[in-house]
>>> print(open('coords.cif').read())   # mmCIF, C-alpha atoms
data_final
#
loop_
_atom_site.label_atom_id
_atom_site.label_comp_id
_atom_site.auth_asym_id
_atom_site.auth_seq_id
_atom_site.Cartn_x
_atom_site.Cartn_y
_atom_site.Cartn_z
CA MET E 278 0.36 15.66 44.14
CA LEU E 279 1.18 13.24 41.36
CA GLY E 280 -0.94 13.32 38.21
CA PRO E 281 -1.90 10.71 35.63
CA PHE E 282 1.21 11.51 33.58
CA ASP E 283 3.53 10.73 36.54
CA TYR E 284 1.76 7.44 37.17
CA SER E 285 1.78 6.55 33.45
CA ILE E 286 5.55 7.07 33.20
CA TRP E 287 6.08 5.10 36.39
CA ILE E 288 3.90 2.16 35.25
CA VAL E 289 5.37 2.07 31.73
CA GLY E 290 8.93 2.35 33.08
CA SER E 291 8.38 -0.45 35.61
CA LEU E 292 6.83 -2.74 33.00
CA LEU E 293 9.72 -2.08 30.63
CA GLN E 294 12.28 -2.81 33.39
CA LEU E 295 10.54 -6.09 34.14
CA ALA E 296 10.38 -6.89 30.42
CA VAL E 297 14.13 -6.31 29.98
CA ALA E 298 14.98 -8.56 32.95
CA SER E 299 12.58 -11.28 31.71
CA CYS E 300 13.97 -11.02 28.19
CA VAL E 301 17.56 -11.50 29.38
CA VAL E 302 16.59 -14.46 31.60
CA SER E 303 14.40 -16.13 28.95
CA ARG E 304 17.19 -15.88 26.36
CA LYS E 305 19.63 -17.49 28.81
CA SER E 306 21.95 -14.45 28.69
CA LEU E 307 21.90 -13.78 32.43
CA ARG E 308 25.60 -14.50 32.88
CA HIS E 309 26.44 -12.15 30.01
CA TYR E 310 24.19 -9.31 31.26
CA PHE E 311 24.11 -9.98 35.00
CA ALA E 312 24.80 -6.39 36.11
CA LEU E 313 22.22 -5.03 33.66
CA THR E 314 19.53 -7.43 34.89
CA THR E 315 20.37 -6.70 38.53
CA TYR E 316 20.11 -2.99 37.82
CA MET E 317 16.72 -3.40 36.13
CA LEU E 318 15.34 -5.42 39.06
CA CYS E 319 16.74 -2.95 41.62
CA ALA E 320 15.25 -0.02 39.68
CA LEU E 321 11.92 -1.85 39.70
CA ALA E 322 12.18 -2.41 43.47
CA VAL E 323 13.08 1.27 44.02
CA GLY E 324 10.05 2.30 41.94
CA CYS E 325 7.79 0.14 44.11
CA GLY E 326 9.49 1.56 47.23
CA GLN E 327 8.82 5.11 46.01
CA TYR E 328 5.17 4.26 45.50
CA LEU E 329 4.91 2.89 49.06
CA VAL E 330 6.63 5.97 50.52
CA ILE E 331 4.26 8.26 48.60
CA ARG E 332 1.28 6.29 49.91
CA LYS E 333 2.57 6.46 53.46
CA SER E 334 4.07 9.95 53.72
CA GLY E 335 2.93 11.88 50.63
CA VAL E 336 4.84 13.23 47.66
CA SER E 337 5.78 16.51 49.33
CA SER E 338 7.15 14.89 52.48
CA ASN E 339 10.82 14.88 53.45
CA HIS E 340 10.72 11.08 53.60
CA TYR E 341 9.88 10.83 49.92
CA TRP E 342 12.37 13.55 49.00
CA TYR E 343 15.29 11.78 50.68
CA PHE E 344 14.17 8.36 49.46
CA TYR E 345 13.92 9.60 45.85
CA TYR E 346 17.30 11.33 45.65
CA TYR E 347 19.38 8.85 47.66
CA THR E 348 17.98 5.75 45.93
CA SER E 349 18.58 7.54 42.63
CA SER E 350 22.23 8.06 43.60
CA LEU E 351 22.55 4.42 44.70
CA LEU E 352 21.06 3.25 41.40
CA THR E 353 23.57 5.41 39.53
CA ILE E 354 26.42 3.75 41.41
CA LEU E 355 24.88 0.37 40.56
CA MET E 356 24.79 1.47 36.94
CA TYR E 357 28.60 1.85 37.06
CA PHE E 358 28.75 -1.95 37.37
CA VAL E 359 26.71 -2.19 34.15
CA ILE E 360 29.29 0.04 32.45
CA VAL E 361 32.08 -2.13 33.86
CA GLN E 362 30.43 -5.20 32.35
CA PHE E 363 30.22 -3.42 28.98
CA TYR E 364 33.92 -2.51 29.31
CA GLU E 365 34.70 -6.18 29.97
CA GLN E 366 32.76 -7.18 26.85
CA ALA E 367 34.47 -4.53 24.73
CA PHE E 368 37.94 -5.53 25.99
CA ALA E 369 37.20 -9.28 26.09
CA GLU E 370 39.69 -10.14 23.35
CA LEU E 371 42.48 -8.11 24.96
CA ARG E 372 42.19 -10.16 28.17
CA VAL E 373 42.48 -7.13 30.44
CA ASN E 374 39.49 -7.96 32.64
CA GLN E 375 41.52 -7.78 35.86
CA TYR E 376 42.60 -4.21 34.99
CA VAL E 377 39.02 -3.22 34.17
CA ARG E 378 37.84 -4.62 37.51
CA GLY E 379 40.73 -2.90 39.30
CA GLY E 380 39.83 0.39 37.62
CA ALA E 381 36.17 -0.08 38.57
CA LEU E 382 37.09 -0.78 42.18
CA PHE E 383 39.30 2.32 42.24
CA LEU E 384 36.46 4.38 40.76
CA LEU E 385 33.97 3.06 43.28
CA ILE E 386 36.27 3.75 46.25
CA SER E 387 37.08 7.22 44.89
CA THR E 388 33.38 8.02 44.41
CA ALA E 389 32.54 6.77 47.90
CA LEU E 390 35.42 8.74 49.42
CA PHE E 391 34.51 11.90 47.51
CA SER E 392 30.86 11.56 48.53
CA TYR E 393 31.86 10.95 52.15
CA LEU E 394 34.06 14.07 52.20
CA VAL E 395 31.31 16.15 50.60
CA VAL E 396 28.74 14.82 53.09
CA ARG E 397 31.09 15.51 56.00
CA HIS E 398 31.74 19.00 54.76
CA ASN E 399 28.02 19.72 54.24
CA THR E 400 26.45 18.13 57.31
CA ASP E 401 24.68 21.41 58.09
CA ARG E 402 22.93 21.65 54.69
CA LEU E 403 22.13 18.09 53.72
CA THR E 404 18.69 19.12 52.60
CA THR E 405 18.20 21.03 49.37
CA ASP E 406 21.18 21.65 47.12
CA PHE E 407 23.36 18.81 48.26
CA VAL E 408 21.40 15.81 46.95
CA VAL E 409 20.80 17.49 43.62
CA GLU E 410 24.50 18.29 43.31
CA LEU E 411 25.47 14.75 44.30
CA GLY E 412 23.05 13.29 41.71
CA GLN E 413 24.36 15.67 39.06
CA ASN E 414 28.00 14.69 39.79
CA LEU E 415 27.28 10.97 39.82
CA TYR E 416 25.42 11.16 36.51
CA PHE E 417 28.23 13.22 35.03
CA VAL E 418 30.79 10.58 36.04
CA GLY E 419 28.49 8.16 34.18
CA VAL E 420 28.59 10.41 31.08
CA VAL E 421 32.41 10.50 31.18
CA LEU E 422 32.68 6.71 31.65
CA THR E 423 30.22 6.01 28.83
CA TYR E 424 32.01 8.46 26.55
CA MET E 425 35.34 6.75 27.28
CA LEU E 426 33.73 3.39 26.55
CA TRP E 427 32.35 4.72 23.26
CA ALA E 428 35.82 6.02 22.35
CA ALA E 429 37.28 2.57 23.14
CA ILE E 430 34.59 0.92 20.98
CA LEU E 431 35.51 3.21 18.08
CA HIS E 432 39.24 2.66 18.62
CA LEU E 433 38.90 -1.14 18.81
CA LYS E 434 36.57 -1.11 15.76
CA GLU E 435 33.99 -3.03 17.75
CA THR E 436 31.27 -4.38 15.44
CA ARG E 437 28.75 -6.07 17.77
CA THR E 438 25.52 -4.16 17.05
CA ARG E 439 23.97 -5.20 20.33
CA LEU E 440 26.84 -3.87 22.45
CA ILE E 441 26.97 -0.65 20.38
CA GLN E 442 23.25 0.03 20.82
CA LEU E 443 23.28 -0.80 24.55
CA VAL E 444 26.17 1.60 25.13
CA LEU E 445 24.63 4.40 23.05
CA ALA E 446 21.32 4.09 24.91
CA LEU E 447 23.26 4.27 28.18
CA GLY E 448 24.97 7.44 26.93
CA ILE E 449 21.57 9.04 26.21
CA TYR E 450 20.38 8.08 29.70
CA PHE E 451 23.40 9.45 31.57
CA SER E 452 23.80 12.67 29.57
CA GLY E 453 20.05 13.38 29.68
CA ASN E 454 19.94 12.96 33.44
CA ALA E 455 23.18 14.87 34.10
CA GLY E 456 21.90 17.72 31.92
CA SER E 457 18.51 17.88 33.64
CA TYR E 458 20.10 17.77 37.13
CA ALA E 459 22.53 20.53 36.16
CA LEU E 460 19.68 22.63 34.73
CA ARG E 461 17.77 22.14 37.95
CA HIS E 462 20.80 23.24 39.93
CA LEU E 463 21.13 26.35 37.74
CA PHE E 464 17.41 27.19 37.45
CA PRO E 465 15.50 25.74 40.43
CA ASP E 466 12.28 27.44 39.22
CA LEU E 467 12.21 25.30 36.09
CA GLN E 468 11.82 22.16 38.21
CA SER E 469 8.05 22.45 38.47
CA ALA E 470 7.71 23.66 34.87
CA PHE E 471 9.22 20.69 33.02
CA LEU E 472 12.47 19.47 34.61
CA GLN E 473 10.66 17.14 37.00
CA TRP E 474 9.50 15.02 34.04
CA LEU E 475 12.94 14.54 32.51
CA PRO E 476 14.60 11.98 34.87
CA PRO E 477 11.55 9.63 34.86
CA LEU E 478 11.28 10.05 31.10
CA PHE E 479 14.95 9.13 30.54
CA GLY E 480 14.49 6.36 33.11
CA ALA E 481 11.71 4.87 30.97
CA LEU E 482 13.52 5.44 27.65
CA LEU E 483 16.55 3.40 28.75
CA PRO E 484 14.70 0.08 29.30
CA LEU E 485 12.68 0.79 26.12
CA ALA E 486 15.87 1.14 24.06
CA TRP E 487 17.46 -1.91 25.72
CA LEU E 488 14.33 -3.99 25.22
CA TYR E 489 14.30 -3.01 21.54
CA THR E 490 17.94 -4.08 21.26
CA PHE E 491 17.38 -7.44 22.95
CA LEU E 492 14.26 -8.20 20.93
CA ARG E 493 15.28 -6.92 17.51
CA VAL E 494 19.07 -7.18 17.33
CA PRO E 495 20.47 -10.71 17.22
CA GLU E 496 23.56 -11.49 19.29
CA ASP E 497 25.60 -12.10 16.13
CA ALA E 498 24.51 -8.93 14.29
CA ARG E 499 27.43 -6.77 13.16
CA LEU E 500 27.73 -3.08 12.38
CA ALA E 501 30.78 -1.06 11.37
CA THR E 502 31.15 1.86 13.80
CA ALA E 503 32.80 3.90 11.05
CA ARG E 504 29.41 3.96 9.30
CA LEU E 505 27.87 5.62 12.35
CA VAL E 506 30.52 8.29 12.73
CA ALA E 507 30.67 9.14 9.02
CA PRO E 508 27.89 7.34 7.14
CA GLN E 509 28.12 6.99 3.38
CA PRO E 510 25.90 9.66 1.88
CA PHE E 511 23.08 8.83 -0.49
CA ALA E 512 22.99 10.64 -3.80
CA ILE E 513 20.46 13.43 -3.34
CA LYS E 514 17.81 13.31 -6.02
CA ALA E 515 17.53 16.45 -8.13
CA ARG E 516 14.07 17.95 -7.99
CA MET Z 250 30.07 27.45 37.24
CA ILE Z 251 30.58 23.68 37.49
CA ALA Z 252 26.85 23.10 36.98
CA ALA Z 253 26.91 25.26 33.83
CA LEU Z 254 29.89 23.33 32.48
CA ILE Z 255 28.23 19.98 33.26
CA CYS Z 256 25.03 21.22 31.59
CA VAL Z 257 26.77 22.24 28.36
CA VAL Z 258 28.88 19.06 28.14
CA SER Z 259 25.87 16.84 28.95
CA VAL Z 260 23.61 18.44 26.34
CA ALA Z 261 26.39 18.12 23.71
CA ALA Z 262 26.91 14.46 24.69
CA LEU Z 263 23.15 13.84 24.64
CA LEU Z 264 22.85 15.17 21.09
CA GLN Z 265 25.81 13.10 19.94
CA PHE Z 266 24.61 9.86 21.56
CA LEU Z 267 21.09 10.45 20.24
CA THR Z 268 22.36 10.98 16.70
CA LEU Z 269 24.58 7.90 16.86
CA TYR Z 270 21.77 5.79 18.31
CA CYS Z 271 19.36 6.82 15.55
CA ARG Z 272 22.06 6.15 12.96
CA SER Z 273 22.59 2.67 14.40
CA ILE Z 274 18.89 1.97 13.75
CA LEU Z 275 19.07 3.53 10.28
CA ALA Z 276 22.20 1.51 9.47
CA THR Z 277 20.14 -1.69 9.27
CA SER Z 278 18.21 -0.28 6.31
CA ARG Z 279 21.13 1.40 4.53
CA LYS Z 280 22.24 -1.77 2.78
CA VAL Z 281 18.71 -2.66 1.70
CA ARG Z 282 18.02 -1.87 -1.95
CA LEU Z 283 14.56 -0.56 -2.68
CA SER Z 284 12.38 -2.48 -5.09
CA GLU Z 285 11.03 -0.89 -8.27
CA ARG Z 286 7.56 -1.49 -6.87
CA VAL Z 287 7.97 0.76 -3.82
CA LEU Z 288 9.52 3.58 -5.87
CA GLU Z 289 6.64 3.30 -8.32
CA VAL Z 290 3.99 3.31 -5.58
CA ALA Z 291 5.51 6.41 -4.00
CA GLY Z 292 5.97 8.14 -7.33
CA VAL Z 293 9.71 8.44 -6.76
CA GLY Z 294 12.14 8.21 -9.66
CA ARG Z 295 14.71 5.41 -9.99
CA GLY Z 296 17.80 5.47 -7.83
CA SER Z 297 17.44 7.00 -4.42
CA VAL Z 298 14.76 8.75 -2.42
CA ALA Z 299 14.97 12.44 -1.48
CA ALA Z 300 15.11 13.94 2.01
CA GLY Z 301 11.61 15.40 1.67
CA ASP Z 302 10.00 12.08 0.73
CA PHE Z 303 9.75 10.92 4.37
CA HIS Z 304 6.18 12.13 4.97
CA ARG Z 305 4.96 10.69 1.68
CA PHE Z 306 6.32 7.27 2.64
CA LEU Z 307 4.83 7.66 6.11
CA GLN Z 308 1.37 8.35 4.63
CA LEU Z 309 1.66 5.27 2.44
CA ILE Z 310 2.83 3.19 5.40
CA HIS Z 311 -0.29 4.23 7.33
CA LEU Z 312 -2.43 2.94 4.47
CA CYS Z 313 -0.96 -0.55 4.92
CA PRO Z 314 -2.29 -2.70 7.78
CA GLU Z 315 -0.23 -2.01 10.87
CA SER Z 316 2.57 -4.24 11.97
CA ASP Z 317 3.81 -4.19 15.56
CA ASP Z 318 7.34 -4.96 14.43
CA ASP Z 319 8.25 -1.52 13.12
CA ARG Z 320 5.89 0.86 14.92
CA ASN Z 321 8.41 1.98 17.55
CA GLU Z 322 11.23 2.32 15.03
CA LEU Z 323 9.02 4.52 12.85
CA ARG Z 324 8.05 6.66 15.82
CA ALA Z 325 11.72 7.13 16.81
CA MET Z 326 12.63 8.00 13.22
CA GLY Z 327 9.72 10.47 13.04
CA ILE Z 328 11.11 12.32 16.08
CA TYR Z 329 14.64 12.23 14.66
CA TYR Z 330 13.39 13.49 11.28
CA GLY Z 331 11.47 16.32 12.99
CA LEU Z 332 14.56 17.40 14.95
CA LEU Z 333 16.68 17.31 11.80
CA SER Z 334 14.11 19.39 9.91
CA VAL Z 335 14.22 22.07 12.60
CA LEU Z 336 18.03 21.98 12.65
CA GLY Z 337 18.13 22.16 8.83
CA ARG Z 338 15.88 25.21 8.77
CA VAL Z 339 17.84 26.99 11.51
CA SER Z 340 21.26 26.26 10.02
CA ASN Z 341 20.31 26.86 6.38
CA LEU Z 342 21.50 30.45 6.38
CA LEU Z 343 24.08 30.40 9.17
CA MET Z 344 25.87 27.07 8.76
CA PRO Z 345 25.52 25.51 5.29
CA ARG Z 346 27.67 22.50 6.23
CA VAL Z 347 25.33 21.58 9.08
CA ALA Z 348 22.36 22.08 6.75
CA GLY Z 349 23.97 19.68 4.25
CA TRP Z 350 24.56 17.11 6.97
CA SER Z 351 20.95 17.45 8.13
CA GLU Z 352 19.76 16.93 4.54
CA ARG Z 353 21.76 13.69 4.25
CA GLU Z 354 20.45 12.44 7.57
CA ARG Z 355 16.86 13.21 6.55
CA GLN Z 356 17.49 11.32 3.34
CA SER Z 357 18.55 8.30 5.40
CA CYS Z 358 15.27 8.60 7.32
CA SER Z 359 13.33 8.66 4.03
CA HIS Z 360 15.22 5.59 2.84
CA PHE Z 361 14.39 3.86 6.12
CA ALA Z 362 10.67 4.69 5.70
CA ALA Z 363 10.80 3.38 2.11
CA VAL Z 364 12.32 0.10 3.34
CA VAL Z 365 9.52 -0.24 5.93
CA LEU Z 366 6.91 0.43 3.23
CA ASP Z 367 8.50 -2.16 0.98
CA ARG Z 368 8.45 -4.69 3.82
CA ARG Z 369 4.79 -4.01 4.59
CA ILE Z 370 3.76 -4.32 0.94
CA SER Z 371 5.55 -7.67 0.70
CA HIS Z 372 3.92 -8.80 3.95
CA ASN Z 373 0.44 -7.82 2.71
CA GLN Z 374 0.97 -9.48 -0.63
CA GLY Z 375 2.01 -12.63 1.20
CA LEU Z 376 -1.17 -12.51 3.30
CA LEU Z 377 -3.32 -11.98 0.19
CA ALA Z 378 -1.65 -14.89 -1.56
CA GLU Z 379 -2.23 -17.03 1.52
CA GLN Z 380 -5.91 -16.06 1.61
CA ALA Z 381 -6.32 -16.72 -2.10
CA SER Z 382 -4.77 -20.18 -1.81
CA GLY Z 383 -7.06 -20.88 1.18
CA LEU Z 384 -10.15 -19.97 -0.85
CA LEU Z 385 -9.09 -22.22 -3.70
#
>>> encode(input="coords.cif", output="structure tokens")
Amino acid sequence: MLGPFDYSIWIVGSLLQLAVASCVVSRKSLRHYFALTTYMLCALAVGCGQYLVIRKSGVSSNHYWYFYYYTSSLLTILMYFVIVQFYEQAFAELRVNQYVRGGALFLLISTALFSYLVVRHNTDRLTTDFVVELGQNLYFVGVVLTYMLWAAILHLKETRTRLIQLVLALGIYFSGNAGSYALRHLFPDLQSAFLQWLPPLFGALLPLAWLYTFLRVPEDARLATARLVAPQPFAIKAR
Amino acid sequence: MIAALICVVSVAALLQFLTLYCRSILATSRKVRLSERVLEVAGVGRGSVAAGDFHRFLQLIHLCPESDDDRNELRAMGIYYGLLSVLGRVSNLLMPRVAGWSERERQSCSHFAAVVLDRRISHNQGLLAEQASGLL
């Protein structure tokens, strides 16, 4: 049974996703953030789909369970395209877009192949552990990709504040979700205690952080990444 | 085993990304010099604000009419400041370097709050001036 808190997170998250997509479209940046907007709209559609499945079959039904975890995995794969677009933006001046796309295609095929082999190997227990493990692995690949992107941003001395904030928010999203899935895998009893809130909470925080970036950080704003890694200290006042 | 490894790496990455994200918000205020007025209002000496001044600035900010522009930023900084305070207290005896880092970060948060207060005071003064000119 879902409570008011579940519904609140769901409503707020959906509104934020819609707001991010509208913000990108209204600022005529759709071409620049196409994957991000597509992801937001798909996440919104999945949220509506989850609501319909709950209405039809109930929150404790197998239908909802499968729908939740498999759409979550599909959304994570879709999020890889968002990362690829950020890679393209970070490497824009190096003109290596074809390599980035090639790498992304390789990653996608590898992930699909790996998932297929795991599914084939686990056909007899596709119920409980498997989907959680798959979700955990997919999110962890996202953490690794985002971390590599952040390292590239630092190495290239990228200064676009908007890109930096979008990538950092993505890092929080992926690492938060991978951590909560791994905790669930390790301690299944904690799921009903607090772990069930974490993925929807991180799912709502991501569009909130992105919306903040689109609304408050101008496209031409610049920020030295060195300041983030080792900021200049203030002189501490003697008391 | 793999799940435990993923858990540890993910939590470490989460903390790092969270810190960097908060710093990226704080960075916008770092270059801003505080006016004499805001230091005087808060009863802070000249130069820079201290790590522990955050709550004092926050109280003063709440006295000013609310502005939608900075509410979320302040909330995020409040959470970050709270986490840093806990970390500072825990690491004070065991890891002095971490405690020092936490102190500097909290000072950045205080500076950020002071910048917000300064902005709100200017905004209110502008509104008052507008009202006064309207009455005349």
>>> residues_around(input="coords.cif", residues="segment 283-287 of chain E", least_positions_apart="6", cutoff="8 Å", atoms="only C-alpha atoms", output="list in words")
Gly324, Trp474, Pro477, Leu478 and Ala481 of chain E
>>> interface_residues(input="coords.cif", of="chain Z", to="chain E", cutoff="7 Å", atoms="only C-alpha atoms", output="PDB file with C-alpha atoms, in the coordinates of the input")
ATOM      1  CA  ALA Z 252      26.850  23.100  36.980  1.00  0.00           C
ATOM      2  CA  ALA Z 253      26.910  25.260  33.830  1.00  0.00           C
ATOM      3  CA  ILE Z 255      28.230  19.980  33.260  1.00  0.00           C
ATOM      4  CA  CYS Z 256      25.030  21.220  31.590  1.00  0.00           C
ATOM      5  CA  SER Z 259      25.870  16.840  28.950  1.00  0.00           C
ATOM      6  CA  VAL Z 260      23.610  18.440  26.340  1.00  0.00           C
ATOM      7  CA  ALA Z 262      26.910  14.460  24.690  1.00  0.00           C
ATOM      8  CA  LEU Z 263      23.150  13.840  24.640  1.00  0.00           C
ATOM      9  CA  PHE Z 266      24.610   9.860  21.560  1.00  0.00           C
ATOM     10  CA  LEU Z 267      21.090  10.450  20.240  1.00  0.00           C
ATOM     11  CA  LEU Z 269      24.580   7.900  16.860  1.00  0.00           C
ATOM     12  CA  TYR Z 270      21.770   5.790  18.310  1.00  0.00           C
ATOM     13  CA  ARG Z 272      22.060   6.150  12.960  1.00  0.00           C
ATOM     14  CA  SER Z 273      22.590   2.670  14.400  1.00  0.00           C
ATOM     15  CA  SER Z 297      17.440   7.000  -4.420  1.00  0.00           C
ATOM     16  CA  VAL Z 298      14.760   8.750  -2.420  1.00  0.00           C
ATOM     17  CA  ALA Z 299      14.970  12.440  -1.480  1.00  0.00           C
ATOM     18  CA  ARG Z 353      21.760  13.690   4.250  1.00  0.00           C
TER      19      ARG Z 353
END
>>> atom_distance(input="coords.cif", atom1="atom CA of Leu384 of chain E", atom2="atom CA of Met356 of chain E")
12.6 Å
>>> residues_around(input="coords.cif", residues="Ile430 of chain E", least_positions_apart="5", cutoff="9 Å", atoms="only C-alpha atoms", output="MDAnalysis selection string")
chainID E and resid 367:368 425 435:436 441 502
>>> atom_distance(input="coords.cif", atom1="atom CA of Gln308 of chain Z", atom2="atom CA of Gly331 of chain Z")
15.3 Å
>>> residues_around(input="coords.cif", residues="Ser334 of chain Z", least_positions_apart="5", cutoff="12 Å", atoms="all atoms listed in the file", output="PDB file with C-alpha atoms, in the coordinates of the input")
ATOM      1  CA  ALA Z 300      15.110  13.940   2.010  1.00  0.00           C
ATOM      2  CA  GLY Z 301      11.610  15.400   1.670  1.00  0.00           C
ATOM      3  CA  PHE Z 303       9.750  10.920   4.370  1.00  0.00           C
ATOM      4  CA  HIS Z 304       6.180  12.130   4.970  1.00  0.00           C
ATOM      5  CA  MET Z 326      12.630   8.000  13.220  1.00  0.00           C
ATOM      6  CA  GLY Z 327       9.720  10.470  13.040  1.00  0.00           C
ATOM      7  CA  ILE Z 328      11.110  12.320  16.080  1.00  0.00           C
ATOM      8  CA  TYR Z 329      14.640  12.230  14.660  1.00  0.00           C
ATOM      9  CA  VAL Z 339      17.840  26.990  11.510  1.00  0.00           C
ATOM     10  CA  SER Z 340      21.260  26.260  10.020  1.00  0.00           C
ATOM     11  CA  ASN Z 341      20.310  26.860   6.380  1.00  0.00           C
ATOM     12  CA  VAL Z 347      25.330  21.580   9.080  1.00  0.00           C
ATOM     13  CA  ALA Z 348      22.360  22.080   6.750  1.00  0.00           C
ATOM     14  CA  GLY Z 349      23.970  19.680   4.250  1.00  0.00           C
ATOM     15  CA  TRP Z 350      24.560  17.110   6.970  1.00  0.00           C
ATOM     16  CA  SER Z 351      20.950  17.450   8.130  1.00  0.00           C
ATOM     17  CA  GLU Z 352      19.760  16.930   4.540  1.00  0.00           C
ATOM     18  CA  ARG Z 353      21.760  13.690   4.250  1.00  0.00           C
ATOM     19  CA  GLU Z 354      20.450  12.440   7.570  1.00  0.00           C
ATOM     20  CA  ARG Z 355      16.860  13.210   6.550  1.00  0.00           C
ATOM     21  CA  GLN Z 356      17.490  11.320   3.340  1.00  0.00           C
ATOM     22  CA  CYS Z 358      15.270   8.600   7.320  1.00  0.00           C
TER      23      CYS Z 358
END
>>> closest_residue(input="coords.cif", among="Z:Leu312, Z:Leu323, Z:Ile370, Z:Leu332", to="Leu275 of chain Z", atoms="all atoms listed in the file")
Z:Leu323
>>> closest_residue(input="coords.cif", among="E:Gly419, E:Gly335, E:Gly379, E:Gly280", to="Leu352 of chain E", atoms="all atoms listed in the file")
E:Gly419
>>> resolve_selection(input="coords.cif", expression="the PyMOL selection byres ((chain Z and resi 287) around 9)", output="list in words")
Leu283, Ser284, Glu285, Arg286, Leu288, Glu289, Val290, Ala291, Gly292, Val293, Ala363, Val364, Leu366, Asp367 and Ile370 of chain Z
>>> write_last_selection(input="coords.cif", atoms="C-alpha atoms", output="short mmCIF file (atom, residue, chain, number, x, y, z; two decimals), keeping the file's coordinate frame")
data_model
loop_
_atom_site.label_atom_id
_atom_site.label_comp_id
_atom_site.auth_asym_id
_atom_site.auth_seq_id
_atom_site.Cartn_x
_atom_site.Cartn_y
_atom_site.Cartn_z
CA LEU Z 283 14.56 -0.56 -2.68
CA SER Z 284 12.38 -2.48 -5.09
CA GLU Z 285 11.03 -0.89 -8.27
CA ARG Z 286 7.56 -1.49 -6.87
CA LEU Z 288 9.52 3.58 -5.87
CA GLU Z 289 6.64 3.30 -8.32
CA VAL Z 290 3.99 3.31 -5.58
CA ALA Z 291 5.51 6.41 -4.00
CA GLY Z 292 5.97 8.14 -7.33
CA VAL Z 293 9.71 8.44 -6.76
CA ALA Z 363 10.80 3.38 2.11
CA VAL Z 364 12.32 0.10 3.34
CA LEU Z 366 6.91 0.43 3.23
CA ASP Z 367 8.50 -2.16 0.98
CA ILE Z 370 3.76 -4.32 0.94
#
>>> resolve_selection(input="coords.cif", expression="the PyMOL selection byres ((chain E and resi 331) around 12)", output="number ranges by chain")
E: 278-279, 284, 324-330, 332-345
>>> closest_residue(input="coords.cif", among="E:Leu415, E:Leu351, E:Ala312, E:Leu440", to="Trp487 of chain E", atoms="all atoms listed in the file")
E:Leu440
>>> atom_distance(input="coords.cif", atom1="atom CA of Asp466 of chain E", atom2="atom CA of Thr348 of chain E")
23.4 Å
>>> closest_residue(input="coords.cif", among="Z:Tyr330, Z:Val257, Z:Gln374, Z:Ala362", to="His311 of chain Z", atoms="only C-alpha atoms")
Z:Ala362
>>> axis_aligned_box(input="coords.cif", around="segment 316-333 of chain Z", padding_each_side="6 Å", output="JSON")
{"center_x": 9.6, "center_y": 6.2, "center_z": 14.4, "size_x": 26.1, "size_y": 34.4, "size_z": 18.3}
>>> closest_residue(input="coords.cif", among="Z:Val335, Z:Ile310, Z:Val281, Z:Leu342", to="Ser357 of chain Z", atoms="all atoms listed in the file")
Z:Val281
>>> decode(input="coords.cif", residues="segment 262-273 of chain Z", atoms="N, CA and C atoms", output="mmCIF file, in the first residue's frame")
data_model
loop_
_atom_site.group_PDB
_atom_site.id
_atom_site.type_symbol
_atom_site.label_atom_id
_atom_site.label_comp_id
_atom_site.auth_asym_id
_atom_site.auth_seq_id
_atom_site.Cartn_x
_atom_site.Cartn_y
_atom_site.Cartn_z
ATOM 1 N N ALA Z 262 31.666 7.582 -3.964
ATOM 2 C CA ALA Z 262 31.417 8.447 -5.122
ATOM 3 C C ALA Z 262 30.296 9.437 -4.818
ATOM 4 N N LEU Z 263 29.264 8.968 -4.117
ATOM 5 C CA LEU Z 263 28.137 9.846 -3.765
ATOM 6 C C LEU Z 263 28.620 11.029 -2.918
ATOM 7 N N LEU Z 264 29.448 10.732 -1.914
ATOM 8 C CA LEU Z 264 29.951 11.802 -1.049
ATOM 9 C C LEU Z 264 30.795 12.791 -1.841
ATOM 10 N N GLN Z 265 31.616 12.250 -2.747
ATOM 11 C CA GLN Z 265 32.477 13.132 -3.534
ATOM 12 C C GLN Z 265 31.659 14.012 -4.492
ATOM 13 N N PHE Z 266 30.710 13.403 -5.194
ATOM 14 C CA PHE Z 266 29.882 14.181 -6.129
ATOM 15 C C PHE Z 266 29.050 15.224 -5.378
ATOM 16 N N LEU Z 267 28.538 14.828 -4.204
ATOM 17 C CA LEU Z 267 27.716 15.740 -3.405
ATOM 18 C C LEU Z 267 28.536 16.948 -2.958
ATOM 19 N N THR Z 268 29.754 16.678 -2.489
ATOM 20 C CA THR Z 268 30.644 17.764 -2.054
ATOM 21 C C THR Z 268 30.961 18.698 -3.222
ATOM 22 N N LEU Z 269 31.297 18.100 -4.362
ATOM 23 C CA LEU Z 269 31.662 18.913 -5.534
ATOM 24 C C LEU Z 269 30.466 19.731 -6.022
ATOM 25 N N TYR Z 270 29.266 19.115 -5.964
ATOM 26 C CA TYR Z 270 28.076 19.834 -6.418
ATOM 27 C C TYR Z 270 27.809 21.040 -5.504
ATOM 28 N N CYS Z 271 27.891 20.806 -4.194
ATOM 29 C CA CYS Z 271 27.664 21.920 -3.260
ATOM 30 C C CYS Z 271 28.714 23.003 -3.454
ATOM 31 N N ARG Z 272 29.961 22.589 -3.691
ATOM 32 C CA ARG Z 272 31.022 23.574 -3.931
ATOM 33 C C ARG Z 272 30.753 24.392 -5.188
ATOM 34 N N SER Z 273 30.170 23.722 -6.215
ATOM 35 C CA SER Z 273 29.897 24.445 -7.466
ATOM 36 C C SER Z 273 28.839 25.525 -7.226
#
